[in-house]
>>> print(open('run.cif').read())   # mmCIF, C-alpha atoms (C1' of nucleotides)
data_input
loop_
_atom_site.label_atom_id
_atom_site.label_comp_id
_atom_site.auth_asym_id
_atom_site.auth_seq_id
_atom_site.Cartn_x
_atom_site.Cartn_y
_atom_site.Cartn_z
CA MET A 24 -15.21 88.27 142.22
CA VAL A 25 -11.96 88.62 144.10
CA ILE A 26 -12.46 91.90 145.81
CA TYR A 27 -10.97 92.66 149.11
CA GLN A 28 -11.88 95.68 151.15
CA GLN A 29 -10.63 96.01 154.65
CA GLU A 30 -12.90 98.92 155.52
CA HIS A 31 -15.70 96.46 156.20
CA SER A 32 -14.07 95.06 159.26
CA THR A 33 -14.58 98.18 161.32
CA PRO A 34 -17.86 99.84 162.13
CA ILE A 35 -18.59 102.72 159.83
CA GLU A 36 -19.76 105.93 161.39
CA THR A 37 -22.80 107.26 159.66
CA THR A 38 -22.85 110.73 161.10
CA ASP A 39 -24.23 113.45 158.87
CA THR A 40 -22.34 116.25 160.57
CA ARG A 41 -19.46 117.74 158.65
CA GLN A 42 -16.19 115.94 159.27
CA PHE A 43 -12.61 117.06 158.65
CA ILE A 44 -10.31 114.09 158.21
CA PHE A 45 -6.66 114.89 157.57
CA HIS A 46 -4.30 112.44 155.92
CA VAL A 47 -0.63 113.33 156.33
CA ASP A 48 1.95 111.66 154.11
CA LEU A 49 5.69 112.37 154.37
CA ASP A 50 7.19 113.11 150.94
CA ALA A 51 9.59 110.43 149.64
CA PHE A 52 10.31 109.85 153.30
CA PHE A 53 13.38 107.58 153.36
CA ALA A 54 15.04 109.55 150.58
CA ALA A 55 14.16 112.81 152.36
CA VAL A 56 15.89 111.65 155.54
CA GLU A 57 18.98 110.61 153.58
CA MET A 58 19.11 114.07 151.93
CA ARG A 59 18.68 115.79 155.26
CA GLU A 60 21.62 113.83 156.70
CA ASP A 61 23.82 114.35 153.64
CA PRO A 62 23.00 117.66 151.92
CA SER A 63 25.38 116.83 149.07
CA LEU A 64 22.64 114.49 147.83
CA VAL A 65 20.16 117.33 147.36
CA GLY A 66 19.39 117.97 143.71
CA LYS A 67 20.71 114.56 142.65
CA PRO A 68 18.62 111.50 141.83
CA ILE A 69 18.78 108.99 144.68
CA MET A 70 17.07 105.76 145.57
CA VAL A 71 16.90 103.78 148.80
CA GLY A 72 17.00 100.01 148.33
CA GLY A 73 18.49 98.07 145.47
CA ASP A 74 22.13 97.33 144.72
CA LYS A 75 23.89 99.28 142.02
CA ASP A 76 26.62 96.68 141.45
CA THR A 77 24.46 93.59 141.10
CA LYS A 78 21.38 95.55 139.95
CA ARG A 79 19.31 93.32 142.21
CA GLY A 80 16.47 94.28 144.45
CA ILE A 81 13.87 96.98 144.06
CA VAL A 82 13.51 100.69 144.71
CA THR A 83 12.01 101.18 148.17
CA THR A 84 11.85 104.96 147.91
CA CYS A 85 13.33 107.47 145.49
CA ASN A 86 13.45 111.24 145.59
CA TYR A 87 11.68 113.56 143.17
CA GLU A 88 14.83 114.07 141.09
CA ALA A 89 14.79 110.33 140.37
CA ARG A 90 11.06 110.40 139.64
CA LYS A 91 11.75 112.75 136.72
CA TYR A 92 13.23 109.71 135.00
CA GLY A 93 10.05 107.73 135.55
CA ILE A 94 11.54 105.84 138.48
CA HIS A 95 9.14 104.92 141.26
CA SER A 96 9.02 102.71 144.33
CA GLY A 97 8.55 99.07 143.54
CA MET A 98 10.49 99.33 140.29
CA SER A 99 13.35 96.87 139.89
CA ALA A 100 16.77 98.35 140.57
CA LYS A 101 17.84 97.12 137.15
CA GLU A 102 15.27 99.23 135.35
CA ALA A 103 15.90 102.25 137.57
CA ILE A 104 19.61 102.16 136.76
CA GLU A 105 18.87 101.77 133.07
CA ARG A 106 16.65 104.84 133.18
CA CYS A 107 19.17 106.89 135.12
CA PRO A 108 22.72 105.45 135.16
CA GLU A 109 24.01 108.21 137.45
CA ILE A 110 21.42 107.51 140.16
CA ILE A 111 22.86 107.25 143.66
CA CYS A 112 21.85 104.05 145.48
CA VAL A 113 21.59 103.97 149.25
CA ARG A 114 21.77 100.22 149.40
CA ARG A 115 21.32 99.73 153.12
CA GLY A 116 18.90 102.36 154.31
CA HIS A 117 19.22 103.79 157.81
CA TYR A 118 16.01 102.25 159.11
CA ASP A 119 16.61 103.02 162.77
CA LEU A 120 16.95 106.69 161.91
CA TYR A 121 13.80 106.63 159.74
CA ARG A 122 11.95 105.12 162.69
CA GLU A 123 13.27 107.81 165.03
CA VAL A 124 12.35 110.71 162.71
CA SER A 125 8.96 109.12 162.11
CA ASP A 126 8.29 108.81 165.85
CA ASN A 127 9.14 112.49 166.36
CA ILE A 128 6.77 113.55 163.60
CA LEU A 129 3.98 111.26 164.75
CA ASN A 130 4.31 112.81 168.20
CA ILE A 131 3.89 116.27 166.69
CA LEU A 132 0.74 115.13 164.90
CA ASN A 133 -0.59 113.48 168.02
CA SER A 134 -0.23 116.78 169.87
CA TYR A 135 -3.00 118.22 167.66
CA THR A 136 -5.57 115.60 168.62
CA ASP A 137 -6.10 112.24 170.25
CA HIS A 138 -8.16 111.23 167.25
CA PHE A 139 -4.99 110.15 165.60
CA ARG A 140 -3.65 106.97 164.06
CA SER A 141 -0.41 106.25 162.28
CA ALA A 142 -1.08 104.08 159.25
CA SER A 143 2.55 103.32 158.50
CA ILE A 144 6.02 104.74 159.08
CA ASP A 145 5.27 107.74 156.83
CA GLU A 146 1.50 108.18 157.04
CA ALA A 147 -1.13 109.17 159.59
CA TYR A 148 -4.82 110.07 159.85
CA LEU A 149 -6.26 112.72 162.12
CA ASN A 150 -9.85 113.72 162.76
CA LEU A 151 -9.59 117.48 163.32
CA THR A 152 -13.29 118.26 163.02
CA ASP A 153 -13.54 120.02 166.38
CA GLU A 154 -10.39 122.06 165.84
CA VAL A 155 -11.42 123.20 162.37
CA GLU A 156 -14.97 124.05 163.37
CA LYS A 157 -14.16 125.82 166.64
CA GLU A 158 -10.82 127.46 165.96
CA HIS A 159 -10.77 127.98 162.21
CA ASN A 160 -14.36 128.84 161.29
CA GLY A 161 -14.82 125.61 159.40
CA TYR A 162 -11.97 126.23 156.97
CA PRO A 163 -9.17 123.62 157.29
CA ILE A 164 -6.35 124.93 155.07
CA PRO A 165 -4.64 127.19 157.67
CA LEU A 166 -4.51 124.32 160.15
CA ALA A 167 -2.92 122.09 157.52
CA GLU A 168 -0.34 124.80 156.85
CA GLU A 169 0.36 125.06 160.55
CA ILE A 170 0.97 121.31 160.79
CA LYS A 171 3.23 121.28 157.75
CA ASN A 172 5.24 124.20 159.09
CA GLU A 173 5.72 122.65 162.49
CA ILE A 174 6.92 119.36 161.01
CA PHE A 175 9.37 121.20 158.78
CA GLU A 176 10.63 123.42 161.59
CA GLU A 177 11.26 120.47 163.86
CA GLU A 178 12.48 117.79 161.47
CA LYS A 179 13.23 119.50 158.13
CA ILE A 180 10.95 117.04 156.36
CA THR A 181 8.16 118.06 154.00
CA CYS A 182 4.80 116.38 153.83
CA SER A 183 1.58 116.48 151.86
CA ILE A 184 -1.83 116.75 153.46
CA GLY A 185 -5.19 115.68 152.11
CA ILE A 186 -8.41 116.77 153.78
CA GLY A 187 -11.78 115.19 153.14
CA PRO A 188 -15.00 113.98 154.75
CA ASN A 189 -13.67 110.46 155.26
CA THR A 190 -10.36 108.61 155.40
CA THR A 191 -10.59 107.22 151.89
CA ILE A 192 -11.13 110.60 150.26
CA ALA A 193 -8.51 112.26 152.46
CA LYS A 194 -5.94 109.73 151.34
CA ILE A 195 -6.78 110.12 147.67
CA ALA A 196 -6.63 113.89 148.11
CA THR A 197 -3.09 113.70 149.48
CA SER A 198 -1.90 111.82 146.43
CA ARG A 199 -3.22 114.44 144.01
CA ASN A 200 -0.86 117.14 145.11
CA LYS A 201 2.61 115.95 146.03
CA PRO A 202 5.13 116.84 147.21
CA ASN A 203 4.59 119.54 149.77
CA GLY A 204 0.95 120.07 148.87
CA ILE A 205 -2.39 120.57 150.57
CA THR A 206 -5.59 119.32 148.96
CA TYR A 207 -9.01 119.93 150.42
CA VAL A 208 -12.05 118.11 149.09
CA PRO A 209 -15.23 119.54 150.62
CA LYS A 210 -18.28 117.35 150.55
CA ALA A 211 -19.85 119.34 147.76
CA SER A 212 -16.88 118.63 145.48
CA ILE A 213 -16.66 114.89 145.99
CA LYS A 214 -18.19 113.91 142.69
CA ARG A 215 -16.19 116.36 140.62
CA PHE A 216 -13.03 115.23 142.39
CA LEU A 217 -13.58 111.49 142.26
CA TYR A 218 -15.35 111.14 138.91
CA PRO A 219 -12.34 110.89 136.57
CA LEU A 220 -10.13 108.82 138.86
CA PRO A 221 -9.45 105.14 138.15
CA VAL A 222 -10.93 102.74 140.69
CA LYS A 223 -7.40 101.79 141.75
CA ALA A 224 -7.07 105.25 143.30
CA ILE A 225 -9.14 103.89 146.18
CA SER A 226 -6.89 102.37 148.81
CA GLY A 227 -7.84 98.73 149.04
CA ILE A 228 -8.67 98.34 145.35
CA GLY A 229 -5.61 96.74 143.84
CA THR A 230 -4.80 95.18 140.50
CA LYS A 231 -7.03 92.13 140.93
CA SER A 232 -10.11 93.98 142.10
CA ALA A 233 -9.68 96.62 139.39
CA GLU A 234 -9.53 93.86 136.79
CA SER A 235 -12.65 92.22 138.18
CA LEU A 236 -14.57 95.50 138.16
CA LYS A 237 -13.62 96.06 134.55
CA ARG A 238 -14.24 92.51 133.39
CA ILE A 239 -17.53 91.91 135.16
CA HIS A 240 -19.06 95.38 135.24
CA GLY A 241 -17.13 97.31 132.60
CA ILE A 242 -16.15 99.81 135.27
CA GLU A 243 -12.83 101.63 135.04
CA ASN A 244 -13.23 104.91 136.88
CA ILE A 245 -14.94 105.96 140.05
CA GLY A 246 -17.45 108.06 138.13
CA GLN A 247 -18.99 104.93 136.68
CA ILE A 248 -19.57 103.65 140.19
CA ILE A 249 -21.16 106.91 141.23
CA GLU A 250 -23.55 106.70 138.28
CA ILE A 251 -25.05 103.51 139.66
CA GLY A 252 -26.75 105.69 142.19
CA SER A 253 -28.53 104.27 145.18
CA GLU A 254 -26.90 102.33 147.97
CA HIS A 255 -29.35 99.53 147.29
CA GLU A 256 -28.22 99.22 143.69
CA MET A 257 -24.56 99.29 144.65
CA ILE A 258 -25.03 96.53 147.20
CA ARG A 259 -26.99 94.49 144.66
CA LYS A 260 -24.12 94.81 142.18
CA PHE A 261 -21.06 94.59 144.38
CA GLY A 262 -22.21 92.96 147.58
CA ARG A 263 -20.59 94.27 150.72
CA LEU A 264 -18.12 96.27 148.67
CA GLY A 265 -21.08 98.21 147.29
CA SER A 266 -21.93 99.57 150.69
CA PHE A 267 -18.36 100.77 151.08
CA PHE A 268 -18.42 102.47 147.66
CA TYR A 269 -21.68 104.20 148.46
CA ARG A 270 -20.43 105.59 151.73
CA VAL A 271 -17.18 106.81 150.26
CA VAL A 272 -18.77 108.69 147.41
CA SER A 273 -21.60 110.06 149.50
CA GLY A 274 -19.07 111.55 151.89
CA LYS A 275 -19.95 109.27 154.77
CA GLY A 276 -17.59 106.37 155.23
CA ARG A 277 -15.11 105.98 157.97
CA THR A 278 -14.35 109.05 160.02
CA THR A 279 -13.49 107.50 163.35
CA ILE A 280 -9.79 107.46 163.90
CA GLN A 281 -8.98 104.95 166.56
CA PRO A 282 -5.55 105.33 168.09
CA SER A 283 -3.36 102.36 167.39
CA SER A 284 -2.72 100.63 170.67
CA SER A 285 0.57 99.23 171.86
CA PHE A 286 -0.99 95.83 171.27
CA GLY A 287 -1.43 96.79 167.66
CA VAL A 288 1.27 94.53 166.31
CA LYS A 289 -0.16 91.20 165.22
CA SER A 290 2.89 89.36 163.94
CA ILE A 291 6.66 89.56 163.74
CA SER A 292 8.52 88.14 160.78
CA LYS A 293 11.88 88.04 159.10
CA GLY A 294 12.46 86.87 155.56
CA ARG A 295 15.27 86.46 153.11
CA THR A 296 15.39 86.08 149.36
CA PHE A 297 18.03 83.82 147.85
CA HIS A 298 19.52 84.63 144.53
CA GLY A 299 20.52 82.25 141.80
CA HIS A 300 24.17 81.83 142.67
CA MET A 301 23.36 80.66 146.16
CA PHE A 302 21.91 77.44 144.80
CA ASP A 303 24.57 74.84 144.42
CA GLY A 304 23.22 71.60 143.07
CA GLU A 305 21.04 69.94 145.70
CA GLN A 306 22.56 72.05 148.43
CA ILE A 307 19.73 74.19 149.71
CA PRO A 308 21.08 77.18 151.61
CA ILE A 309 17.85 77.64 153.51
CA GLU A 310 19.15 75.63 156.46
CA MET A 311 22.02 78.06 156.72
CA VAL A 312 19.77 81.10 156.77
CA LEU A 313 16.95 79.90 159.00
CA PRO A 314 18.88 80.29 162.29
CA LYS A 315 19.48 83.96 161.49
CA LEU A 316 15.83 84.52 160.70
CA ILE A 317 14.80 82.78 163.91
CA ASP A 318 17.28 84.84 165.94
CA SER A 319 15.97 88.07 164.48
CA VAL A 320 12.32 87.22 165.09
CA HIS A 321 12.99 86.00 168.60
CA GLU A 322 15.02 89.08 169.47
CA ARG A 323 12.25 91.45 168.42
CA LEU A 324 9.66 89.27 170.13
CA THR A 325 11.37 89.44 173.49
CA LYS A 326 12.35 93.09 173.09
CA LYS A 327 8.66 93.93 172.82
CA SER A 328 7.87 91.48 175.63
CA PHE A 329 5.54 89.42 173.53
CA ARG A 330 4.92 85.71 173.59
CA TYR A 331 3.66 83.77 170.62
CA LYS A 332 1.26 80.91 170.03
CA THR A 333 1.78 80.36 166.31
CA VAL A 334 4.90 79.73 164.26
CA THR A 335 4.77 80.04 160.47
CA LEU A 336 7.23 79.27 157.72
CA ASP A 337 6.61 81.09 154.44
CA VAL A 338 8.32 79.89 151.33
CA ARG A 339 8.39 81.15 147.77
CA PHE A 340 9.51 78.76 145.06
CA GLN A 341 12.04 79.78 142.50
CA ASP A 342 10.46 78.52 139.30
CA ASN A 343 6.87 79.73 139.57
CA PHE A 344 6.93 82.30 142.36
CA GLN A 345 4.31 80.25 144.17
CA ASN A 346 3.96 81.12 147.84
CA ILE A 347 3.46 78.35 150.36
CA THR A 348 2.78 78.75 154.03
CA ARG A 349 2.84 76.18 156.79
CA SER A 350 2.03 77.00 160.38
CA ARG A 351 1.61 75.37 163.74
CA SER A 352 -0.18 76.71 166.79
CA PHE A 353 0.32 75.89 170.43
CA GLN A 354 -2.12 76.10 173.28
CA ALA A 355 0.18 78.05 175.54
CA ALA A 356 1.93 81.26 174.59
CA ASN A 357 5.59 81.46 175.40
CA ASP A 358 8.77 83.06 174.12
CA ASP A 359 10.82 79.90 173.75
CA LYS A 360 13.32 80.18 170.92
CA GLU A 361 13.98 76.45 170.80
CA ARG A 362 10.29 75.80 170.16
CA ILE A 363 10.40 78.21 167.22
CA ARG A 364 13.46 76.44 165.89
CA THR A 365 12.14 72.89 166.09
CA THR A 366 8.78 73.95 164.68
CA VAL A 367 10.35 75.77 161.75
CA TYR A 368 12.41 72.72 160.83
CA GLU A 369 9.39 70.44 161.09
CA LEU A 370 7.45 72.77 158.81
CA LEU A 371 10.35 72.86 156.37
CA ALA A 372 10.41 69.06 156.29
CA GLU A 373 6.68 69.05 155.52
CA ILE A 374 7.11 71.51 152.68
CA ASN A 375 10.04 69.57 151.28
CA SER A 376 8.04 66.36 151.21
CA ASP A 377 4.83 68.02 149.92
CA PHE A 378 6.60 69.83 147.12
CA ASN A 379 9.33 67.38 146.30
CA LYS A 380 12.12 69.67 147.41
CA ALA A 381 11.37 72.40 144.91
CA LYS A 382 14.00 75.11 144.90
CA ILE A 383 13.22 77.90 147.28
CA ARG A 384 13.66 81.54 146.37
CA LYS A 385 12.52 83.11 149.59
CA ALA A 386 11.94 81.95 153.14
CA ALA A 387 10.39 83.82 156.04
CA VAL A 388 9.88 82.90 159.67
CA ARG A 389 6.91 84.43 161.42
CA VAL A 390 5.39 84.32 164.87
CA SER A 391 1.82 85.46 165.43
CA ASN A 392 -1.07 85.07 167.84
CA LEU A 393 0.96 87.33 170.07
CA VAL A 394 0.25 87.83 173.74
CA LYS A 395 1.74 90.66 175.74
CA TYR A 396 3.53 89.44 178.81
CA ASP A 397 1.60 91.58 181.32
CA SER A 398 -1.79 90.78 179.79
CA MET A 399 -0.93 87.11 180.02
CA GLN A 400 -0.16 87.52 183.69
CA LYS A 401 -3.57 89.10 184.08
CA THR A 402 -5.20 86.14 182.38
CA ILE A 403 -3.48 83.75 184.75
CA THR A 404 -4.51 85.88 187.71
CA ASP A 405 -8.11 85.93 186.50
CA TYR A 406 -8.03 82.21 186.10
CA PHE A 407 -7.02 81.54 189.67
CA SER A 408 -9.11 84.19 191.34
"C1'" DT B 14 6.55 95.39 136.52
"C1'" DC B 15 10.55 89.33 136.01
"C1'" DT B 16 10.03 91.12 141.57
"C1'" DG B 17 12.18 93.21 148.75
"C1'" DG B 18 10.68 93.02 153.16
"C1'" DG B 19 7.43 93.67 156.68
"C1'" DG B 20 3.07 93.84 157.65
"C1'" DT B 21 -2.68 93.61 157.85
"C1'" DC B 22 -6.98 91.67 156.81
"C1'" DC B 23 -10.30 88.40 154.63
"C1'" DT B 24 -12.04 83.88 153.25
"C1'" DA B 25 -13.08 79.12 153.24
"C1'" DG B 26 -12.85 74.47 154.73
"C1'" DG B 27 -12.33 71.31 158.48
"C1'" DA B 28 -12.22 69.93 163.36
"C1'" DC B 29 -14.51 70.04 167.41
"C1'" DC B 30 -17.84 71.48 170.89
"C1'" DC B 31 -22.56 72.11 172.67
"C1'" DT C 7 -27.54 55.73 162.22
"C1'" DC C 8 -28.97 59.95 160.67
"C1'" DT C 9 -29.75 64.39 161.85
"C1'" DG C 10 -29.58 70.46 162.92
"C1'" DG C 11 -27.53 74.94 163.89
"C1'" DG C 12 -24.16 77.87 165.88
"C1'" DG C 13 -19.70 79.11 167.63
"C1'" DT C 14 -14.72 79.03 167.77
"C1'" DC C 15 -10.22 77.77 166.54
"C1'" DC C 16 -6.80 76.31 163.22
"C1'" DT C 17 -4.77 76.24 158.69
"C1'" DA C 18 -3.68 77.75 154.00
"C1'" DG C 19 -4.06 80.91 150.49
"C1'" DG C 20 -4.50 85.37 148.64
"C1'" DA C 21 -5.17 90.52 148.04
"C1'" DC C 22 -3.36 94.57 149.35
"C1'" DC C 23 -0.47 98.34 151.52
"C1'" DC C 24 3.93 101.11 152.23
#
>>> encode(input="run.cif", output="structure tokens")
Amino acid sequence: MVIYQQEHSTPIETTDTRQFIFHVDLDAFFAAVEMREDPSLVGKPIMVGGDKDTKRGIVTTCNYEARKYGIHSGMSAKEAIERCPEIICVRRGHYDLYREVSDNILNILNSYTDHFRSASIDEAYLNLTDEVEKEHNGYPIPLAEEIKNEIFEEEKITCSIGIGPNTTIAKIATSRNKPNGITYVPKASIKRFLYPLPVKAISGIGTKSAESLKRIHGIENIGQIIEIGSEHEMIRKFGRLGSFFYRVVSGKGRTTIQPSSSFGVKSISKGRTFHGHMFDGEQIPIEMVLPKLIDSVHERLTKKSFRYKTVTLDVRFQDNFQNITRSRSFQAANDDKERIRTTVYELLAEINSDFNKAKIRKAAVRVSNLVKYDSMQKTITDYFS
DNA sequence: TCTGGGGTCCTAGGACCC
DNA sequence: TCTGGGGTCCTAGGACCC
């Protein structure tokens, strides 16, 4: 069974004391920032990402006006435009501004507790158990309102908040009441809340795992998992995933929110998709694009004062969408751009010979196995002392 | 759903070491 | 020449997330 569940990698806290985990999700974030900057967009359907002229690309984010037409993130720009011809496309989003607004909001959230972790540019988890118990008599809604109000006062951005006994339930709760909503799932309501939801509502259960659960076990909604009952039975049926299911539905599960450290970033990559017209006979444009990708990766690498040990070239073929990756690791970490360049071209040569120069749709350069400059210095110092 | 870009994490096989 | 078990690193592929 192809089931992937990242929650297993971290220790799961098994405390029985009541926990209040908040999940904060900014509503249609990129679109919301665009509307804040240009109020003439308010009330009109807009999407960030995608090109209205060529109808290429996909919708990265769209506002709630656009969602009335059934448009959602991930949808092809072509379909979005067909559904709503008057939609306004912000083709090149203002990503630096999104990052800045996000940082401001994450700082606000962090001021409520150190048990805080940003999960992405528009999402964060907080464990506010102490605050709710000591300052709010065990009732979390007013604190959620306070957080929402402060974010809106400071940044004019709305968010939705889900509150539950663990991170998984808090995140599902957020999604049930958007935009601008608060959803609280006390432990006693877990079953009633989760029962009718499809298994895909659980973050980490994607299309493939949902298909496997249906095909092998005939399971489509979370209620059917709950019915299995004991932890022992769940583990027998689903292996390690069973233990995760049991903890989620029994209100245990992960409640520890570890702050993401500055070493959090594991890899830096830059990719580019080529479109049909760029292919000209045997002329593969990839050689023309690779230097730009390498420059971009190297620039961010040095800006963050990282050094790398591994260089990877990812390639997606045009005809079958097959993804291929080739990588090479080095013993010593450094930030040499020339080493990235020569390695990338060696890897490209390997791919070309392995796959008979199949036409490439997408290429991405990645460095990983990152080492922070100062921690590397420490290692060297340790070595000689 | 005919498809962007930037990520994380997991797995499995093989090399290599003790 | 055949034989363990355990650990770690590397590589490639894949699922999943926003």
>>> residues_near_point(input="run.cif", point="(-9.3, 83.5, 149.3)", cutoff="8 Å", atoms="only C-alpha atoms (C1' of nucleotides)", output="list in words")
Val25 of chain A; DC23, DT24 and DA25 of chain B; DG19 and DG20 of chain C
>>> interface_residues(input="run.cif", of="chain A", to="chain C", cutoff="9 Å", atoms="all atoms listed in the file", output="list in words")
Val25, Ile26, Tyr27, Gln28, Ser143, Ile144, Asp145, Glu146, Ser226, Gly227, Ile228, Gly229, Thr230, Lys231, Ser232, Asn346, Ile347, Thr348, Arg349, Ser350, Arg351 and Ser352 of chain A
>>> atom_distance(input="run.cif", atom1="CA of Met257 (chain A)", atom2="CA of Ala147 (chain A)")
29.5 Å
>>> residues_near_point(input="run.cif", point="(16.7, 105.1, 145.0)", cutoff="9 Å", atoms="all atoms listed in the file", output="short mmCIF file (atom, residue, chain, number, x, y, z; two decimals) with C-alpha atoms, in the coordinates of the input")
data_model
loop_
_atom_site.label_atom_id
_atom_site.label_comp_id
_atom_site.auth_asym_id
_atom_site.auth_seq_id
_atom_site.Cartn_x
_atom_site.Cartn_y
_atom_site.Cartn_z
CA ALA A 54 15.04 109.55 150.58
CA PRO A 68 18.62 111.50 141.83
CA ILE A 69 18.78 108.99 144.68
CA MET A 70 17.07 105.76 145.57
CA VAL A 71 16.90 103.78 148.80
CA GLY A 72 17.00 100.01 148.33
CA GLY A 73 18.49 98.07 145.47
CA ILE A 81 13.87 96.98 144.06
CA VAL A 82 13.51 100.69 144.71
CA THR A 83 12.01 101.18 148.17
CA THR A 84 11.85 104.96 147.91
CA CYS A 85 13.33 107.47 145.49
CA ASN A 86 13.45 111.24 145.59
CA ALA A 89 14.79 110.33 140.37
CA ILE A 94 11.54 105.84 138.48
CA HIS A 95 9.14 104.92 141.26
CA SER A 96 9.02 102.71 144.33
CA ALA A 100 16.77 98.35 140.57
CA ALA A 103 15.90 102.25 137.57
CA ILE A 110 21.42 107.51 140.16
CA ILE A 111 22.86 107.25 143.66
CA CYS A 112 21.85 104.05 145.48
CA VAL A 113 21.59 103.97 149.25
CA ARG A 114 21.77 100.22 149.40
#
>>> atom_distance(input="run.cif", atom1="CA of Gln281 (chain A)", atom2="CA of Val334 (chain A)")
28.9 Å
>>> atom_distance(input="run.cif", atom1="CA of Cys107 (chain A)", atom2="CA of Arg59 (chain A)")
22.0 Å
>>> residues_around(input="run.cif", residues="Ile248 (chain A)", least_positions_apart="6", cutoff="10 Å", atoms="all atoms listed in the file", output="JSON, numbers by chain")
{"A": [218, 222, 236, 240, 242, 257, 265, 268, 269, 272]}
>>> residues_around(input="run.cif", residues="region 389-391 of chain A", least_positions_apart="5", cutoff="8 Å", atoms="all atoms listed in the file", output="list in words")
Lys289, Ser290, Ile291, Ser292, Lys293, Val320, Tyr331, Lys332, Thr333, Val334, Thr335, Leu336 and Asp337 of chain A
>>> write_last_selection(input="run.cif", atoms="C-alpha atoms", output="PDB file, keeping the file's coordinate frame")
ATOM      1  CA  LYS A 289      -0.160  91.200 165.220  1.00  0.00           C
ATOM      2  CA  SER A 290       2.890  89.360 163.940  1.00  0.00           C
ATOM      3  CA  ILE A 291       6.660  89.560 163.740  1.00  0.00           C
ATOM      4  CA  SER A 292       8.520  88.140 160.780  1.00  0.00           C
ATOM      5  CA  LYS A 293      11.880  88.040 159.100  1.00  0.00           C
ATOM      6  CA  VAL A 320      12.320  87.220 165.090  1.00  0.00           C
ATOM      7  CA  TYR A 331       3.660  83.770 170.620  1.00  0.00           C
ATOM      8  CA  LYS A 332       1.260  80.910 170.030  1.00  0.00           C
ATOM      9  CA  THR A 333       1.780  80.360 166.310  1.00  0.00           C
ATOM     10  CA  VAL A 334       4.900  79.730 164.260  1.00  0.00           C
ATOM     11  CA  THR A 335       4.770  80.040 160.470  1.00  0.00           C
ATOM     12  CA  LEU A 336       7.230  79.270 157.720  1.00  0.00           C
ATOM     13  CA  ASP A 337       6.610  81.090 154.440  1.00  0.00           C
TER      14      ASP A 337
END
>>> build_atoms(input="run.cif", residues="region 320-333 of chain A", atoms="N, CA and C atoms", output="CSV table (one decimal), keeping the file's coordinate frame")
chain,number,residue,atom,x,y,z
A,320,VAL,N,13.7,87.2,164.6
A,320,VAL,CA,12.3,87.2,165.1
A,320,VAL,C,12.3,87.1,166.6
A,321,HIS,N,13.0,86.2,167.2
A,321,HIS,CA,13.0,86.0,168.6
A,321,HIS,C,13.5,87.2,169.4
A,322,GLU,N,14.5,87.9,168.8
A,322,GLU,CA,15.0,89.1,169.5
A,322,GLU,C,14.0,90.2,169.5
A,323,ARG,N,13.3,90.4,168.4
A,323,ARG,CA,12.2,91.4,168.4
A,323,ARG,C,11.1,91.1,169.3
A,324,LEU,N,10.8,89.8,169.3
A,324,LEU,CA,9.7,89.3,170.1
A,324,LEU,C,9.9,89.6,171.6
A,325,THR,N,11.1,89.3,172.1
A,325,THR,CA,11.4,89.4,173.5
A,325,THR,C,11.6,90.9,173.8
A,326,LYS,N,12.1,91.7,172.9
A,326,LYS,CA,12.4,93.1,173.1
A,326,LYS,C,11.0,93.8,173.3
A,327,LYS,N,10.0,93.3,172.7
A,327,LYS,CA,8.7,93.9,172.8
A,327,LYS,C,7.9,93.2,173.9
A,328,SER,N,8.5,92.3,174.6
A,328,SER,CA,7.9,91.5,175.6
A,328,SER,C,6.6,90.9,175.2
A,329,PHE,N,6.6,90.2,174.0
A,329,PHE,CA,5.5,89.4,173.5
A,329,PHE,C,5.9,87.9,173.7
A,330,ARG,N,4.8,87.2,173.7
A,330,ARG,CA,4.9,85.7,173.6
A,330,ARG,C,4.0,85.3,172.4
A,331,TYR,N,4.4,84.2,171.8
A,331,TYR,CA,3.7,83.8,170.6
A,331,TYR,C,2.9,82.4,170.8
A,332,LYS,N,1.9,82.2,170.0
A,332,LYS,CA,1.3,80.9,170.0
A,332,LYS,C,1.4,80.2,168.7
A,333,THR,N,1.7,81.0,167.6
A,333,THR,CA,1.8,80.4,166.3
A,333,THR,C,3.1,80.6,165.6
